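Quick notes on the structure that follows.
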Amino acid sequence: MGIRQGAMENLALTDAISASFWRDKRVLLTGHTGFKGSWLTLWLHRLGAKVTGISLPPATAPNLYAEAKIDAFCQSHFCDIRDTTALTEIVQAAHPEIVFHLAAQPLVRASYREPRATFATNVMGTVHVLDALRGIESARVAVMVTTDKVYRNNEEYRSYREDDALGGLDPYSASKAACEIVIASYRDAFLSAQGVAVASARAGNVIGGGDWSDDRVIPDAVRAWQTGRPLQVRYPQAVRPWQHILDLLAGYMTLAHKLWERSALADSYNFGPETSEALTVRELVEVARAAYGKGDVHYNESPEGPHESGWLTLDVAKARVALGVRPKLTLAQALNQTMAWYRAQHDGADALILCQSEIAAYEALC
């Protein structure tokens with residue numbers, strides 16, 4: 001297993017970045033104050049979409065939502081998706097055509113501390129979003145984001161496919177596996193007959209500038225190295241499918257566009273790097289440290305704490321064949337770009353300009 005430096009085969013993602021498609025589309029985005037949601041709001045606005053965001057206030061300080069002034073690019077609503085009445089009122093007023101559901105409690109370790117809140121947000125929050133779409137005549141597409149951790153992980157050295165068994169040992173993984181059942185139920189029982197194409201998107205670990213979440217290796221590394229502290233790594237031998245934020249969001253937008261054109265594609269899809277790009281945490285950290293230019297690391301070879309999967313990779317052939325999705329950035333390129341973003345922002349560069357420049361450069365690859 002190693003990291004490739006060369007560019008991947010290009011396959012046009014014009015569906016993802018077509019301004020002619022996205023212009024004036026009414027898009028509802030839950031979780032717009034988060035890392036992925038902030039990037040997606042900015043990109044959709046750039047393409048001419050009219051974005052309505054629903055989310056809790058940002059969970060960290062700093063955060064990309066504030067640093068890049070994301071509220072200037074959407075109609076922003078602070079709302080807990082567990083509040084079905086308030087959520088439904090916002091959805092009905094927005095008259096959405098396309099929905100991206102990203103709002104969640106997204107952290108494994110936090111789910112051990114607060115399992116009830118995790119299930120309430122992830123499972124019932126998803127129920128509330130889908131139920132709010134019932135009777136919304138404008139709705140055509142819903143992309144419901146879950147995770148690579150929805151699969152029953154038996155620590156086998158293979159990549160999980162969309163038809164593999166669902167499950168989860170930790171509350172986060174279990175809640176997201178339950179979301180998959182909820183999504184399929186609402187699609188089959190209600191929304192398909194209403195003319196709404198509903199799909200789930202299962203993605204792996206995402207890297208990119210502007211993520212300051214806790215318990216994620218790159219944000220943890222940046223925080224440590226910027227303050228002269230060593231990075232503490234819990235599971236250096238764990239293998240994960242990392243990919244750049246823009247590769248992932250291009251996949252989400254491509255899925256939405258394809259569903260608009262062909263509702264029969266409504267299903268579940270894995271998004272991630274090619275299997276050859278999966279790395280151990282140790283390998284990832286060493287490449288990130290070289291890209292950042294400094295930093296000490298302490299690897300814990302015998303970690304204590306709640307269970308976390310040792311091996312997790314995704315088979316992305318279905319998205320590649322059915323949707324035409326293929327990453328544009330190798331992991332080496334993604335890490336170099338990510339660490340350069342953090343260095344520049346720490347040195348005083350404007351977060352919004354950094355994001356806009358990266359989006360423009362990515363579009364040039366498509």
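To be explicit about the labels: the chains of the structure tokens are called A, B, and onward in the order shown, and within each one the residues are counted from 1, while ligands get numbers from 1 in the order they are shown.
Assigned to helix (DSSP H, G or I) in stretch 191-251 of chain A, given DSSP computed from backbone atoms, are A:Leu191, A:Ser192, A:Ala193, A:Gln194, A:Val217, A:Ile218, A:Pro219, A:Asp220, A:Ala221, A:Val222, A:Arg223, A:Ala224, A:Trp225, A:Gln226, A:Ile245, A:Leu246, A:Asp247, A:Leu248, A:Leu249, A:Ala250, A:Gly251.
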A:Pro115 surroundings by only C-alpha atoms, 9 Å radius, close-in-sequence under 6 positions cut, as a short mmCIF file (atom, residue, chain, number, x, y, z; two decimals) with C-alpha atoms, in the first residue's frame:
data_model
loop_
_atom_site.label_atom_id
_atom_site.label_comp_id
_atom_site.auth_asym_id
_atom_site.auth_seq_id
_atom_site.Cartn_x
_atom_site.Cartn_y
_atom_site.Cartn_z
CA ASP A 170 -20.61 1.93 17.85
CA PRO A 171 -23.69 4.16 18.19
CA TYR A 172 -22.63 6.46 15.33
#
- request: Name all residues at most 9 Å from stretch 221-236 of chain A (count only C-alpha atoms; drop same-chain ones fewer than 2 positions away) and give them as a ChimeraX atom specification.
  value: /A:212,216-219,238-239,280-283,285,288-289,292,294-304,308,310,339,342-343,346
- request: Could you give me, as a VMD selection string, the residues within 8 Å of stretch 18-30 of chain A, counting only C-alpha atoms and dropping anything in the same chain fewer than 3 positions from it?
  value: chain A and resid 14 to 15 37 41 44 47 to 55 91 94 to 103 257
- prompt: Can you list, as a list in words, every protein, DNA or RNA residue that comes within 9 Å of A:Trp260 when you count only C-alpha atoms, leaving out same-chain residues fewer than 3 positions away?
  reply: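 So the residues in contact are Ile98, Arg140, Val141, Val196, Ala197, Leu255, Ala256, His257 and Ser263 of chain A.
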Selection to disk with all heavy atoms, as a PDB file, in the first residue's frame:
ATOM      1  N   ILE A  98     -34.145  20.426  -5.105  1.00  0.00           N
ATOM      2  CA  ILE A  98     -33.100  19.450  -4.793  1.00  0.00           C
ATOM      3  C   ILE A  98     -32.737  19.597  -3.321  1.00  0.00           C
ATOM      4  O   ILE A  98     -32.585  20.710  -2.820  1.00  0.00           O
ATOM      5  CB  ILE A  98     -31.855  19.671  -5.677  1.00  0.00           C
ATOM      6  CG1 ILE A  98     -32.204  19.434  -7.148  1.00  0.00           C
ATOM      7  CG2 ILE A  98     -30.710  18.751  -5.246  1.00  0.00           C
ATOM      8  CD1 ILE A  98     -31.086  19.757  -8.118  1.00  0.00           C
ATOM      9  N   ARG A 140     -37.830  17.268  -6.395  1.00  0.00           N
ATOM     10  CA  ARG A 140     -37.516  16.295  -7.446  1.00  0.00           C
ATOM     11  C   ARG A 140     -36.429  15.313  -7.030  1.00  0.00           C
ATOM     12  O   ARG A 140     -36.417  14.166  -7.488  1.00  0.00           O
ATOM     13  CB  ARG A 140     -37.057  17.028  -8.707  1.00  0.00           C
ATOM     14  CG  ARG A 140     -38.152  17.775  -9.461  1.00  0.00           C
ATOM     15  CD  ARG A 140     -38.893  16.849 -10.412  1.00  0.00           C
ATOM     16  NE  ARG A 140     -37.979  16.217 -11.364  1.00  0.00           N
ATOM     17  CZ  ARG A 140     -37.565  16.770 -12.517  1.00  0.00           C
ATOM     18  NH1 ARG A 140     -37.979  17.980 -12.845  1.00  0.00           N
ATOM     19  NH2 ARG A 140     -36.763  16.114 -13.328  1.00  0.00           N
ATOM     20  N   VAL A 141     -35.465  15.768  -6.207  1.00  0.00           N
ATOM     21  CA  VAL A 141     -34.292  14.959  -5.884  1.00  0.00           C
ATOM     22  C   VAL A 141     -33.929  15.156  -4.416  1.00  0.00           C
ATOM     23  O   VAL A 141     -33.986  16.274  -3.900  1.00  0.00           O
ATOM     24  CB  VAL A 141     -33.083  15.356  -6.761  1.00  0.00           C
ATOM     25  CG1 VAL A 141     -31.792  14.736  -6.239  1.00  0.00           C
ATOM     26  CG2 VAL A 141     -33.308  14.973  -8.218  1.00  0.00           C
ATOM     27  N   VAL A 196     -40.195  12.040  -6.340  1.00  0.00           N
ATOM     28  CA  VAL A 196     -38.927  12.457  -5.753  1.00  0.00           C
ATOM     29  C   VAL A 196     -37.951  11.293  -5.819  1.00  0.00           C
ATOM     30  O   VAL A 196     -38.218  10.210  -5.273  1.00  0.00           O
ATOM     31  CB  VAL A 196     -39.096  12.896  -4.287  1.00  0.00           C
ATOM     32  CG1 VAL A 196     -37.768  13.429  -3.739  1.00  0.00           C
ATOM     33  CG2 VAL A 196     -40.181  13.946  -4.160  1.00  0.00           C
ATOM     34  N   ALA A 197     -36.815  11.492  -6.470  1.00  0.00           N
ATOM     35  CA  ALA A 197     -35.773  10.478  -6.567  1.00  0.00           C
ATOM     36  C   ALA A 197     -34.859  10.613  -5.351  1.00  0.00           C
ATOM     37  O   ALA A 197     -34.188  11.631  -5.187  1.00  0.00           O
ATOM     38  CB  ALA A 197     -34.977  10.649  -7.849  1.00  0.00           C
ATOM     39  N   LEU A 255     -24.477  13.037  -8.604  1.00  0.00           N
ATOM     40  CA  LEU A 255     -25.595  12.161  -8.259  1.00  0.00           C
ATOM     41  C   LEU A 255     -26.914  12.918  -8.341  1.00  0.00           C
ATOM     42  O   LEU A 255     -27.895  12.418  -8.916  1.00  0.00           O
ATOM     43  CB  LEU A 255     -25.384  11.600  -6.850  1.00  0.00           C
ATOM     44  CG  LEU A 255     -26.527  10.764  -6.264  1.00  0.00           C
ATOM     45  CD1 LEU A 255     -26.864   9.581  -7.159  1.00  0.00           C
ATOM     46  CD2 LEU A 255     -26.170  10.296  -4.849  1.00  0.00           C
ATOM     47  N   ALA A 256     -26.961  14.124  -7.805  1.00  0.00           N
ATOM     48  CA  ALA A 256     -28.195  14.906  -7.857  1.00  0.00           C
ATOM     49  C   ALA A 256     -28.626  15.183  -9.286  1.00  0.00           C
ATOM     50  O   ALA A 256     -29.812  15.072  -9.633  1.00  0.00           O
ATOM     51  CB  ALA A 256     -28.009  16.218  -7.095  1.00  0.00           C
ATOM     52  N   HIS A 257     -27.665  15.554 -10.135  1.00  0.00           N
ATOM     53  CA  HIS A 257     -27.992  15.852 -11.532  1.00  0.00           C
ATOM     54  C   HIS A 257     -28.486  14.599 -12.253  1.00  0.00           C
ATOM     55  O   HIS A 257     -29.475  14.646 -13.000  1.00  0.00           O
ATOM     56  CB  HIS A 257     -26.763  16.426 -12.226  1.00  0.00           C
ATOM     57  CG  HIS A 257     -27.029  16.999 -13.578  1.00  0.00           C
ATOM     58  ND1 HIS A 257     -26.206  17.907 -14.185  1.00  0.00           N
ATOM     59  CD2 HIS A 257     -28.029  16.805 -14.474  1.00  0.00           C
ATOM     60  CE1 HIS A 257     -26.677  18.246 -15.371  1.00  0.00           C
ATOM     61  NE2 HIS A 257     -27.787  17.571 -15.571  1.00  0.00           N
ATOM     62  N   SER A 263     -34.719   9.171 -12.690  1.00  0.00           N
ATOM     63  CA  SER A 263     -35.124   8.818 -11.328  1.00  0.00           C
ATOM     64  C   SER A 263     -34.884   7.346 -11.024  1.00  0.00           C
ATOM     65  O   SER A 263     -34.787   6.963  -9.854  1.00  0.00           O
ATOM     66  CB  SER A 263     -36.600   9.160 -11.114  1.00  0.00           C
ATOM     67  OG  SER A 263     -37.426   8.425 -12.013  1.00  0.00           O
TER      68      SER A 263
END
Stretch 98-260 of chain A: residues DSSP assigns to strand (DSSP E), reported as a list in words: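 Written out, the strand (DSSP E) residues of stretch 98-260 of chain A are Ile98, Val99, Phe100, His101, Val141, Ala142, Val143, Met144, Val145, Ala197, Val198, Ala199, Ser200, Ala201, Arg202, Ala203, Val206, Ile207, Leu231, Gln232, Val233, Val239, Arg240, Gln243 and His244 of chain A.
Nearest residue to A:Ala351, choosing from A:Leu40, A:Leu246, A:Val316, A:Ile70 and counting only C-alpha atoms: A:Ile70.
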- prompt: Restricting the calculation to only C-alpha atoms, which member of A:Ala264, A:Asp215, A:Lys258, A:Ala250 is positioned closest to A:Arg109?
  reply: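 Among the listed residues, A:Asp215 lies closest to A:Arg109.
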- prompt: Pick the closest to A:His244 from A:Thr121, A:Gln105, A:Thr60, A:Gln333: which is it, counting only C-alpha atoms?
  reply: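 Selected residue with least distance to A:His244: A:Gln333.
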- prompt: A:Asp148, A:Asp347, A:Asp80, A:Asp71: which is nearest A:Gly204, counting only C-alpha atoms?
  reply: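 Ranking A:Asp148, A:Asp347, A:Asp80, A:Asp71 by distance to A:Gly204, first place goes to A:Asp148.
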query: For A:Asn336, which residue out of A:Val129, A:Ile207, A:Pro241, A:Ser276 is the nearest one, using only C-alpha atoms?
result: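 Ranking A:Val129, A:Ile207, A:Pro241, A:Ser276 by distance to A:Asn336, first place goes to A:Ile207.
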- prompt: Using only C-alpha atoms, which of the listed residues (A:His128, A:Ser213, A:Val150, A:Asp247) sits closest to A:Asp164?
  reply: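 Using only C-alpha atoms, A:Asp164 sits closest to A:Val150.
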Residue contacts of A:Tyr160 (10 Å, only C-alpha atoms) excluding same-chain residues fewer than 2 positions away, as a short mmCIF file (atom, residue, chain, number, x, y, z; two decimals) with C-alpha atoms, in the first residue's frame:
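File written: selection_1.cif
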data_model
loop_
_atom_site.label_atom_id
_atom_site.label_comp_id
_atom_site.auth_asym_id
_atom_site.auth_seq_id
_atom_site.Cartn_x
_atom_site.Cartn_y
_atom_site.Cartn_z
CA ASP A 148 -18.77 4.48 4.90
CA LYS A 149 -19.36 3.14 8.42
CA VAL A 150 -22.88 1.86 7.63
CA TYR A 151 -21.50 -1.58 6.80
CA ARG A 152 -21.27 -4.47 9.25
CA ASN A 153 -17.51 -4.38 9.60
CA GLU A 156 -12.14 -8.34 6.35
CA TYR A 157 -9.41 -7.16 3.98
CA ARG A 158 -11.77 -6.20 1.19
CA GLU A 162 -23.47 -1.26 -1.65
CA ASP A 163 -25.18 -4.64 -1.33
CA ASP A 164 -23.15 -5.72 1.72
CA ALA A 165 -24.87 -6.12 5.07
CA ASN A 270 -20.34 4.60 -2.31
CA LEU A 312 -12.38 0.14 6.14
CA THR A 313 -12.34 0.72 2.39
CA LEU A 314 -15.11 1.17 -0.17
CA ASP A 315 -15.74 -0.32 -3.59
CA VAL A 316 -16.71 2.67 -5.74
#
